[in-house]
>>> print(open('target-v3.txt').read())   # compact mmCIF, C-alpha atoms and all ligand atoms
# COMPACT_ATOMS: atom_id res chain seq x y z
CA MET A 1 0.00 0.00 0.00
CA THR A 2 1.36 3.40 -0.92
CA GLY A 3 -1.15 6.01 0.27
CA PRO A 4 -2.40 6.63 3.84
CA LEU A 5 -4.56 3.99 5.48
CA LEU A 6 -7.58 6.30 5.53
CA SER A 7 -8.13 9.10 3.08
CA VAL A 8 -11.40 11.02 3.05
CA ARG A 9 -11.62 13.26 0.02
CA GLY A 10 -14.11 16.04 -0.63
CA LEU A 11 -16.81 14.48 1.54
CA SER A 12 -20.14 16.29 1.70
CA VAL A 13 -22.99 14.93 3.83
CA ASN A 14 -26.52 16.32 4.17
CA PHE A 15 -29.30 15.40 6.59
CA ARG A 16 -32.94 15.64 5.56
CA THR A 17 -34.93 17.23 8.38
CA PRO A 18 -38.40 18.78 8.67
CA GLN A 19 -36.63 22.18 8.87
CA GLY A 20 -34.81 21.59 5.57
CA ILE A 21 -31.51 20.15 4.43
CA VAL A 22 -28.74 20.36 7.02
CA ARG A 23 -25.35 20.62 5.31
CA ALA A 24 -23.42 18.72 8.00
CA LEU A 25 -20.19 18.24 6.03
CA GLY A 26 -18.96 20.28 3.07
CA ASN A 27 -15.97 19.12 1.05
CA VAL A 28 -14.10 17.59 3.98
CA SER A 29 -10.74 15.90 3.37
CA ILE A 30 -8.70 14.15 6.06
CA GLN A 31 -6.00 11.53 6.10
CA ALA A 32 -4.66 9.10 8.69
CA GLY A 33 -1.61 6.89 8.27
CA ALA A 34 -0.76 3.61 10.00
CA GLY A 35 0.67 4.28 13.45
CA GLU A 36 -0.69 7.82 13.46
CA VAL A 37 -3.20 9.36 15.89
CA VAL A 38 -5.28 12.04 14.24
CA GLY A 39 -7.55 14.40 16.17
CA ILE A 40 -10.75 16.07 15.01
CA VAL A 41 -11.71 19.04 17.17
CA GLY A 42 -14.40 21.72 17.11
CA GLU A 43 -17.46 22.90 19.02
CA SER A 44 -20.54 20.77 19.30
CA GLY A 45 -22.53 20.69 16.06
CA CYS A 46 -19.53 21.18 13.74
CA GLY A 47 -19.87 17.80 12.04
CA LYS A 48 -17.30 15.70 13.89
CA SER A 49 -19.61 12.78 14.66
CA THR A 50 -21.04 12.88 11.15
CA LEU A 51 -17.52 12.48 9.79
CA ALA A 52 -16.78 9.61 12.20
CA ALA A 53 -20.09 7.91 11.36
CA ALA A 54 -19.50 8.25 7.62
CA VAL A 55 -16.12 6.50 7.92
CA GLY A 56 -17.64 3.83 10.18
CA ASN A 57 -20.57 3.27 7.80
CA LEU A 58 -22.98 4.26 10.56
CA LEU A 59 -24.78 7.27 9.11
CA PRO A 60 -28.50 7.36 9.97
CA GLY A 61 -31.18 6.85 7.33
CA ASN A 62 -31.85 10.56 6.77
CA ALA A 63 -28.22 11.20 5.80
CA GLU A 64 -27.15 11.53 2.20
CA ILE A 65 -23.57 11.48 0.97
CA ALA A 66 -23.73 14.24 -1.64
CA ALA A 67 -20.11 14.04 -2.82
CA GLY A 68 -16.71 12.65 -2.07
CA GLU A 69 -14.99 9.38 -1.34
CA ILE A 70 -13.69 7.52 1.68
CA ARG A 71 -10.64 5.50 0.74
CA PHE A 72 -9.47 2.77 3.09
CA ARG A 73 -6.38 0.86 1.96
CA ASP A 74 -6.82 2.54 -1.41
CA ARG A 75 -10.38 1.24 -1.90
CA ASP A 76 -13.36 3.61 -1.97
CA ILE A 77 -15.49 2.04 0.76
CA LEU A 78 -18.60 3.95 -0.34
CA ARG A 79 -18.52 1.92 -3.55
CA LEU A 80 -18.34 -1.46 -1.79
CA GLY A 81 -21.44 -3.64 -1.48
CA SER A 82 -23.20 -3.75 1.89
CA ASP A 83 -21.72 -7.16 2.84
CA ALA A 84 -18.19 -5.97 2.16
CA GLN A 85 -18.86 -2.76 4.11
CA ARG A 86 -20.19 -4.73 7.08
CA GLN A 87 -17.19 -7.01 7.03
CA LEU A 88 -14.81 -4.09 6.89
CA ARG A 89 -16.51 -2.55 9.88
CA GLY A 90 -16.40 -5.73 11.92
CA ARG A 91 -12.79 -6.52 11.21
CA GLU A 92 -10.82 -3.53 10.08
CA ILE A 93 -12.61 -0.43 11.37
CA ALA A 94 -13.76 -0.26 14.99
CA MET A 95 -15.50 2.51 16.87
CA VAL A 96 -15.73 3.69 20.46
CA PHE A 97 -18.44 6.18 21.46
CA GLN A 98 -19.08 8.73 24.17
CA ASP A 99 -21.67 6.56 25.90
CA PRO A 100 -20.14 3.12 26.41
CA MET A 101 -23.59 1.63 27.07
CA THR A 102 -24.38 1.94 23.37
CA ALA A 103 -21.74 -0.73 22.71
CA PHE A 104 -23.42 -3.33 24.90
CA SER A 105 -26.73 -5.06 25.36
CA PRO A 106 -28.00 -4.88 28.95
CA VAL A 107 -29.34 -8.45 28.90
CA LEU A 108 -26.21 -10.40 27.95
CA THR A 109 -23.08 -10.94 30.02
CA ILE A 110 -19.90 -9.10 29.09
CA GLY A 111 -18.36 -12.47 28.18
CA GLU A 112 -21.20 -13.44 25.83
CA GLN A 113 -20.91 -10.09 24.08
CA LEU A 114 -17.14 -10.08 23.77
CA ILE A 115 -17.35 -13.59 22.29
CA GLU A 116 -20.10 -12.51 19.88
CA PHE A 117 -18.00 -9.53 18.74
CA GLN A 118 -15.54 -12.11 17.38
CA HIS A 119 -18.12 -13.93 15.25
CA GLN A 120 -16.17 -13.18 12.07
CA MET A 121 -13.28 -15.31 13.36
CA THR A 122 -14.69 -18.59 12.15
CA ASP A 123 -11.43 -20.48 12.65
CA VAL A 124 -11.30 -19.83 16.42
CA ASP A 125 -13.39 -21.84 18.90
CA LYS A 126 -15.50 -20.38 21.69
CA ALA A 127 -13.09 -21.24 24.51
CA GLU A 128 -10.30 -19.44 22.67
CA LYS A 129 -12.55 -16.44 22.03
CA ARG A 130 -13.26 -16.32 25.76
CA ARG A 131 -9.55 -16.44 26.52
CA ARG A 132 -8.95 -13.63 24.04
CA ALA A 133 -11.73 -11.57 25.64
CA GLU A 134 -10.27 -12.10 29.11
CA ALA A 135 -6.78 -11.16 27.95
CA MET A 136 -8.09 -8.00 26.26
CA LEU A 137 -9.99 -6.95 29.40
CA ALA A 138 -6.81 -7.42 31.42
CA ARG A 139 -4.90 -5.39 28.85
CA VAL A 140 -7.22 -2.40 29.23
CA GLY A 141 -6.68 -2.54 32.98
CA ILE A 142 -9.73 -4.43 34.23
CA SER A 143 -8.85 -6.47 37.29
CA ASP A 144 -10.47 -9.86 37.82
CA ALA A 145 -11.10 -10.00 34.07
CA GLY A 146 -12.22 -13.65 34.24
CA LEU A 147 -14.91 -12.83 36.80
CA ARG A 148 -16.02 -9.73 34.91
CA LEU A 149 -16.84 -11.87 31.88
CA ASN A 150 -19.71 -13.39 33.87
CA GLY A 151 -21.09 -9.98 34.88
CA TYR A 152 -23.44 -7.54 33.15
CA PRO A 153 -22.68 -4.04 31.83
CA HIS A 154 -24.76 -2.33 34.53
CA GLU A 155 -22.55 -3.90 37.20
CA MET A 156 -19.61 -1.85 35.96
CA SER A 157 -18.74 1.78 36.64
CA GLY A 158 -18.75 4.25 33.72
CA GLY A 159 -14.96 4.21 33.47
CA MET A 160 -14.85 0.41 33.52
CA ARG A 161 -17.53 0.24 30.84
CA GLN A 162 -15.53 2.58 28.63
CA ARG A 163 -12.44 0.40 29.11
CA THR A 164 -14.54 -2.62 28.19
CA ALA A 165 -15.87 -0.82 25.09
CA ILE A 166 -12.27 -0.10 24.08
CA ALA A 167 -11.40 -3.77 24.68
CA ALA A 168 -14.37 -4.77 22.51
CA ALA A 169 -13.22 -2.42 19.74
CA LEU A 170 -9.69 -3.82 19.80
CA LEU A 171 -10.67 -7.52 19.92
CA MET A 172 -10.53 -7.93 16.15
CA SER A 173 -7.20 -6.06 15.90
CA PRO A 174 -8.74 -3.39 13.66
CA SER A 175 -6.36 -1.31 11.56
CA LEU A 176 -8.45 1.80 12.16
CA LEU A 177 -9.90 2.78 15.55
CA ILE A 178 -12.30 5.72 15.64
CA ALA A 179 -13.04 7.12 19.10
CA ASP A 180 -15.86 9.69 19.14
CA GLU A 181 -15.67 11.73 22.36
CA PRO A 182 -14.32 8.70 24.27
CA THR A 183 -13.92 10.59 27.54
CA THR A 184 -16.70 13.19 27.38
CA ALA A 185 -19.11 11.29 29.64
CA LEU A 186 -16.45 10.66 32.31
CA ASP A 187 -15.29 12.76 35.23
CA VAL A 188 -11.81 14.29 35.17
CA THR A 189 -10.07 11.43 36.99
CA LEU A 190 -11.59 8.75 34.78
CA GLU A 191 -10.90 10.88 31.71
CA ALA A 192 -7.22 10.99 32.66
CA GLN A 193 -7.23 7.20 33.10
CA ILE A 194 -8.78 6.59 29.67
CA ILE A 195 -6.31 9.00 28.04
CA TYR A 196 -3.50 7.13 29.77
CA LEU A 197 -4.92 3.83 28.53
CA LEU A 198 -5.17 5.07 24.93
CA ARG A 199 -1.62 6.39 25.13
CA THR A 200 -0.38 3.02 26.35
CA LEU A 201 -2.30 1.17 23.68
CA ARG A 202 -0.94 3.35 20.91
CA ARG A 203 2.60 2.29 21.75
CA ASP A 204 2.07 -1.24 20.46
CA TYR A 205 -0.80 -0.54 18.10
CA ASN A 206 0.28 -0.18 14.53
CA GLY A 207 -3.05 0.95 13.14
CA ALA A 208 -4.41 4.46 12.78
CA ILE A 209 -6.49 6.09 15.51
CA VAL A 210 -8.91 8.94 14.86
CA VAL A 211 -9.92 10.74 18.06
CA VAL A 212 -12.92 13.06 17.93
CA SER A 213 -13.27 15.53 20.77
CA HIS A 214 -14.53 19.02 21.54
CA HIS A 215 -11.90 19.05 24.29
CA LEU A 216 -8.50 20.39 23.29
CA GLY A 217 -6.81 18.76 26.27
CA VAL A 218 -7.71 15.29 25.01
CA ILE A 219 -6.42 16.17 21.55
CA ALA A 220 -3.18 17.61 22.94
CA GLU A 221 -2.50 14.50 25.03
CA LEU A 222 -3.18 11.95 22.34
CA CYS A 223 -2.76 13.19 18.81
CA ASP A 224 0.05 13.64 16.32
CA ARG A 225 -1.96 15.72 13.89
CA VAL A 226 -5.17 17.71 14.23
CA TYR A 227 -8.02 18.84 12.01
CA VAL A 228 -10.10 21.73 13.33
CA MET A 229 -13.69 21.71 12.09
CA TYR A 230 -16.11 24.59 11.95
CA ALA A 231 -19.65 24.44 10.55
CA GLY A 232 -18.99 21.22 8.66
CA GLU A 233 -15.65 22.23 7.16
CA VAL A 234 -11.99 21.72 7.99
CA VAL A 235 -10.73 25.24 8.80
CA GLU A 236 -7.20 24.33 9.92
CA SER A 237 -4.98 21.26 9.95
CA ALA A 238 -1.54 20.96 11.50
CA PRO A 239 0.75 18.77 13.59
CA VAL A 240 -0.31 19.01 17.21
CA ASP A 241 2.60 21.24 18.32
CA ALA A 242 2.06 23.71 15.51
CA LEU A 243 -1.64 23.82 16.26
CA PHE A 244 -1.09 24.66 19.91
CA HIS A 245 1.79 27.09 19.40
CA GLN A 246 1.25 28.59 15.95
CA ALA A 247 -2.48 28.38 15.34
CA ARG A 248 -3.33 30.53 12.34
CA HIS A 249 -7.09 30.41 11.93
CA PRO A 250 -9.10 32.85 14.11
CA TYR A 251 -11.46 30.01 15.08
CA THR A 252 -8.60 27.79 16.27
CA ARG A 253 -7.17 30.71 18.22
CA ALA A 254 -10.55 31.37 19.82
CA LEU A 255 -10.85 27.68 20.78
CA LEU A 256 -7.40 27.80 22.37
CA GLU A 257 -8.28 30.93 24.34
CA CYS A 258 -11.26 29.09 25.83
CA ASP A 259 -9.22 26.03 26.78
CA PRO A 260 -9.50 25.57 30.57
CA ALA A 261 -5.91 24.28 30.66
CA ARG A 262 -4.76 27.76 29.60
CA LEU A 263 -6.55 29.68 32.32
CA ASP A 264 -4.28 31.04 35.06
CA GLN A 265 -6.74 30.24 37.82
CA PRO A 266 -9.81 28.01 38.15
CA ALA A 267 -12.87 29.81 36.81
CA GLU A 268 -16.42 29.30 37.90
CA PHE A 269 -17.66 29.65 34.35
CA LEU A 270 -15.46 28.52 31.50
CA PRO A 271 -15.11 31.07 28.72
CA THR A 272 -16.81 30.27 25.44
CA ILE A 273 -16.49 31.83 22.00
CA ALA A 274 -19.05 34.63 21.69
CA GLY A 275 -21.87 33.93 19.24
CA GLU A 276 -23.13 30.64 17.87
CA ILE A 277 -22.30 28.27 15.07
CA PRO A 278 -24.33 29.13 11.95
CA ASP A 279 -27.60 27.49 11.04
CA LEU A 280 -26.46 24.69 8.77
CA THR A 281 -29.70 24.78 6.75
CA VAL A 282 -28.92 28.26 5.39
CA LEU A 283 -25.18 28.70 5.18
CA PRO A 284 -23.84 32.22 4.70
CA ASP A 285 -22.19 32.96 1.33
CA GLY A 286 -18.86 34.08 2.71
CA CYS A 287 -16.67 32.69 5.48
CA SER A 288 -18.90 30.75 7.86
CA PHE A 289 -16.95 32.07 10.86
CA ALA A 290 -17.41 35.74 9.83
CA PRO A 291 -20.34 36.54 12.20
CA ARG A 292 -18.11 35.64 15.17
CA CYS A 293 -14.74 36.76 13.85
CA ALA A 294 -13.09 39.92 15.20
CA LEU A 295 -10.90 40.10 12.10
CA ALA A 296 -13.70 39.90 9.52
CA ASP A 297 -13.61 42.51 6.75
CA ASP A 298 -15.08 42.93 3.26
CA ARG A 299 -12.99 40.14 1.79
CA CYS A 300 -14.68 37.67 4.10
CA ARG A 301 -17.93 37.90 2.14
CA ILE A 302 -16.24 35.54 -0.28
CA ARG A 303 -15.70 32.01 0.95
CA PRO A 304 -12.04 31.36 1.75
CA GLU A 305 -10.35 28.25 0.37
CA LEU A 306 -8.14 25.96 2.44
CA THR A 307 -4.63 27.32 1.82
CA SER A 308 -1.38 25.43 2.41
CA LEU A 309 0.89 27.37 4.75
CA SER A 310 3.63 24.77 4.82
CA GLU A 311 3.96 21.12 3.92
CA ASP A 312 1.71 19.97 6.78
CA HIS A 313 -0.15 23.10 7.89
CA ALA A 314 -3.22 24.53 6.17
CA ALA A 315 -5.90 27.08 7.07
CA ARG A 316 -9.09 28.43 5.53
CA CYS A 317 -8.95 32.20 6.08
CA HIS A 318 -8.33 35.27 3.89
CA ARG A 319 -6.03 36.73 6.53
CA VAL A 320 -3.68 33.78 6.43
CA SER A 321 -1.00 33.32 3.81
CA PRO A 322 2.12 31.14 3.69
N1 LIG B 401 -29.49 12.33 12.50
C1 LIG B 401 -29.46 13.64 12.23
N2 LIG B 401 -30.51 14.25 11.63
C2 LIG B 401 -30.47 15.57 11.35
N3 LIG B 401 -29.44 16.38 11.63
C3 LIG B 401 -28.38 15.83 12.25
C4 LIG B 401 -28.33 14.44 12.58
N4 LIG B 401 -27.14 14.19 13.18
C5 LIG B 401 -26.48 15.36 13.22
N5 LIG B 401 -27.22 16.35 12.65
C6 LIG B 401 -26.83 17.77 12.48
O1 LIG B 401 -25.61 17.77 11.76
C7 LIG B 401 -24.75 18.79 12.28
C8 LIG B 401 -23.45 18.15 12.72
O2 LIG B 401 -23.70 17.32 13.84
P1 LIG B 401 -22.60 16.36 14.48
O3 LIG B 401 -21.87 15.66 13.38
O4 LIG B 401 -23.28 15.53 15.49
O5 LIG B 401 -21.62 17.41 15.17
P2 LIG B 401 -20.58 17.22 16.37
O6 LIG B 401 -20.28 15.77 16.51
O7 LIG B 401 -19.39 18.03 15.94
O8 LIG B 401 -21.23 17.78 17.58
C9 LIG B 401 -25.52 19.48 13.40
O9 LIG B 401 -26.16 20.60 12.85
C10 LIG B 401 -26.54 18.43 13.80
O10 LIG B 401 -27.71 19.04 14.31
S1 LIG B 402 -11.86 34.59 6.39
FE1 LIG B 402 -12.36 36.49 7.46
S2 LIG B 402 -14.12 36.00 8.77
FE2 LIG B 402 -13.21 34.08 8.10
S3 LIG B 402 -11.83 33.51 9.74
FE3 LIG B 402 -10.61 34.64 8.24
S4 LIG B 402 -10.68 36.79 8.88
FE4 LIG B 402 -12.29 35.71 10.01
MG MG B 403 -20.40 14.55 18.24
>>> encode(input="target-v3.txt", output="structure tokens", more="lines below")
Ligand SMILES: Nc1ncnc2c1ncn2[C@@H]1O[C@H](COP(=O)(O)OP(=O)(O)O)[C@@H](O)[C@H]1O
Ligand code: SF4
Ligand SMILES: [Mg+2]
Amino acid sequence: MTGPLLSVRGLSVNFRTPQGIVRALGNVSIQAGAGEVVGIVGESGCGKSTLAAAVGNLLPGNAEIAAGEIRFRDRDILRLGSDAQRQLRGREIAMVFQDPMTAFSPVLTIGEQLIEFQHQMTDVDKAEKRRRAEAMLARVGISDAGLRLNGYPHEMSGGMRQRTAIAAALLMSPSLLIADEPTTALDVTLEAQIIYLLRTLRRDYNGAIVVVSHHLGVIAELCDRVYVMYAGEVVESAPVDALFHQARHPYTRALLECDPARLDQPAEFLPTIAGEIPDLTVLPDGCSFAPRCALADDRCRIRPELTSLSEDHAARCHRVSP
């Protein structure tokens, strides 16, 4: 294989709603290579989960892919038949979500479910699948893994359930792991533990990991490269250090200014960017950040293109040039 493991090119996704067509993604391109951890960051409603769901073949029925391709190992997965897509998702692409309960059925034991997740491994017997499940639970830091297999999801704490969901995702040794807000539902201590776990796992994991988060701290701790999304578009992409130290797009800078980790003292109310994300059913003609941007001028009535600033840094803003 020559290209990156995952390459999304020019992806546009709309949702049909009673209020009209929501343009959730517009011409989004991202890449992730083997061994690389890529972050997707932006406020709520910017299209991060839609992007993750499109790659994981999990878009809801009212979604329509209007343009673009999603290449995985150089094959456009949108052009594969539904059987091949399902197989790819079971074996090669795994997902972890914000709410770990969505990964499990409440009525089956953890063991039954972790065995069932391996149903595509037809050459491995049930006892071996159980051993694999136990070993994976131990690997994600669950003590008494053998006993846990006989328990039910509701008997676990939120943090333990998220570990178990990560174990479930890794059972098939997927080459792409997509984690959509994996720590958002957890308190700060558990969040730190899950970040630590993901950092440990990445050391001996040779696949690509895509981490979606509205939380810059999570992105900073985990990722090599970051895409910043605003109103369904990538507005900046850069290696993590460049993003945190030389952010160029006014939206990225505003996000960084609101990052709690950057405040000098604990604040009762965390700062937020003034204004709201635009209504995605009627997008403005010009730059979609213009209504909230202190630097907006006449030029910004024309939509900016994503401009390369260096080999691995790009931003979508008229004020930014190489
Ligand atoms: N199933 C859906 N039906 C209609 N609109 C949706 C659906 N899912 C998401 N959207 C809309 O798509 C936009 C992007 O949402 P989402 O991808 O969930 O953003 P994020 O994950 O960044 O918070 C939002 O305007 C949201 O309201
Ligand atoms: S193009 Fe204009 S409005 Fe948009 S981010 Fe740049 S300066 Fe602000
Ligand atoms: Mg989301």
>>> closest_residue(input="target-v3.txt", among="A:Ala179, A:Val212, A:Ala133, A:Ile70", to="Leu114 (chain A)", atoms="only C-alpha atoms")
A:Ala133
>>> residues_near_ligand(input="target-v3.txt", ligand="ligand LIG 402 (chain B)", cutoff="12 Å", atoms="only C-alpha atoms and all ligand atoms", output="VMD selection string")
chain A and resid 230 to 231 234 to 236 248 to 254 284 to 307 315 to 321
>>> residues_near_ligand(input="target-v3.txt", ligand="ligand LIG 401 (chain B)", cutoff="10 Å", atoms="all atoms listed in the file", output="number ranges by chain")
A: 13-25, 40-54, 59-63, 180-181, 212-214, 229-232, 277-281
>>> closest_residue(input="target-v3.txt", among="A:Ser12, A:Met101, A:Gly35, A:Glu112", to="Glu69 (chain A)", atoms="all atoms listed in the file")
A:Ser12
>>> residues_around(input="target-v3.txt", residues="Arg148 (chain A)", least_positions_apart="5", cutoff="9 Å", atoms="only C-alpha atoms", output="compact mmCIF listing (two decimals) with C-alpha atoms, keeping the file's coordinate frame")
# COMPACT_ATOMS: atom_id res chain seq x y z
CA THR A 109 -23.08 -10.94 30.02
CA ILE A 110 -19.90 -9.10 29.09
CA GLY A 111 -18.36 -12.47 28.18
CA GLU A 134 -10.27 -12.10 29.11
CA LEU A 137 -9.99 -6.95 29.40
CA ILE A 142 -9.73 -4.43 34.23
CA SER A 143 -8.85 -6.47 37.29
CA MET A 156 -19.61 -1.85 35.96
>>> atom_distance(input="target-v3.txt", atom1="CA of Leu177 (chain A)", atom2="CA of Val107 (chain A)")
26.1 Å
>>> atom_distance(input="target-v3.txt", atom1="CA of Asp224 (chain A)", atom2="CA of Leu243 (chain A)")
10.3 Å
>>> closest_residue(input="target-v3.txt", among="A:Val140, A:Val38, A:Ile65, A:Val28", to="Arg225 (chain A)", atoms="all atoms listed in the file")
A:Val38
>>> residues_around(input="target-v3.txt", residues="His119 (chain A)", least_positions_apart="6", cutoff="12 Å", atoms="all atoms listed in the file", output="list in words")
Gln87, Gly90, Arg91, Glu112, Gln113, Asp125, Lys126, Lys129, Arg130, Leu171 and Met172 of chain A
>>> write_last_selection(input="target-v3.txt", atoms="C-alpha atoms", output="mmCIF file, in the frame of the given file")
data_model
loop_
_atom_site.group_PDB
_atom_site.id
_atom_site.type_symbol
_atom_site.label_atom_id
_atom_site.label_comp_id
_atom_site.auth_asym_id
_atom_site.auth_seq_id
_atom_site.Cartn_x
_atom_site.Cartn_y
_atom_site.Cartn_z
ATOM 1 C CA GLN A 87 -17.190 -7.010 7.030
ATOM 2 C CA GLY A 90 -16.400 -5.730 11.920
ATOM 3 C CA ARG A 91 -12.790 -6.520 11.210
ATOM 4 C CA GLU A 112 -21.200 -13.440 25.830
ATOM 5 C CA GLN A 113 -20.910 -10.090 24.080
ATOM 6 C CA ASP A 125 -13.390 -21.840 18.900
ATOM 7 C CA LYS A 126 -15.500 -20.380 21.690
ATOM 8 C CA LYS A 129 -12.550 -16.440 22.030
ATOM 9 C CA ARG A 130 -13.260 -16.320 25.760
ATOM 10 C CA LEU A 171 -10.670 -7.520 19.920
ATOM 11 C CA MET A 172 -10.530 -7.930 16.150
#
>>> closest_residue(input="target-v3.txt", among="A:Ala185, A:Ala103, A:Met160, A:Ala165", to="ligand MG 403 (chain B)", atoms="all atoms listed in the file")
A:Ala185
>>> atom_distance(input="target-v3.txt", atom1="CA of Ser310 (chain A)", atom2="CA of Ala238 (chain A)")
9.3 Å
>>> closest_residue(input="target-v3.txt", among="A:Pro106, A:Ile178, A:Ile194, A:Arg131", to="Gly159 (chain A)", atoms="only C-alpha atoms")
A:Ile194
>>> closest_residue(input="target-v3.txt", among="A:Asp99, A:Gly151, A:Ala135, A:Ala192", to="ligand MG 403 (chain B)", atoms="all atoms listed in the file")
A:Asp99
>>> residues_around(input="target-v3.txt", residues="Leu5 (chain A)", least_positions_apart="2", cutoff="8 Å", atoms="only C-alpha atoms", output="list of chain:residue names")
A:Gly3, A:Ser7, A:Gln31, A:Ala32, A:Gly33, A:Ala34, A:Arg71, A:Phe72, A:Arg73, A:Asp74, A:Ala208
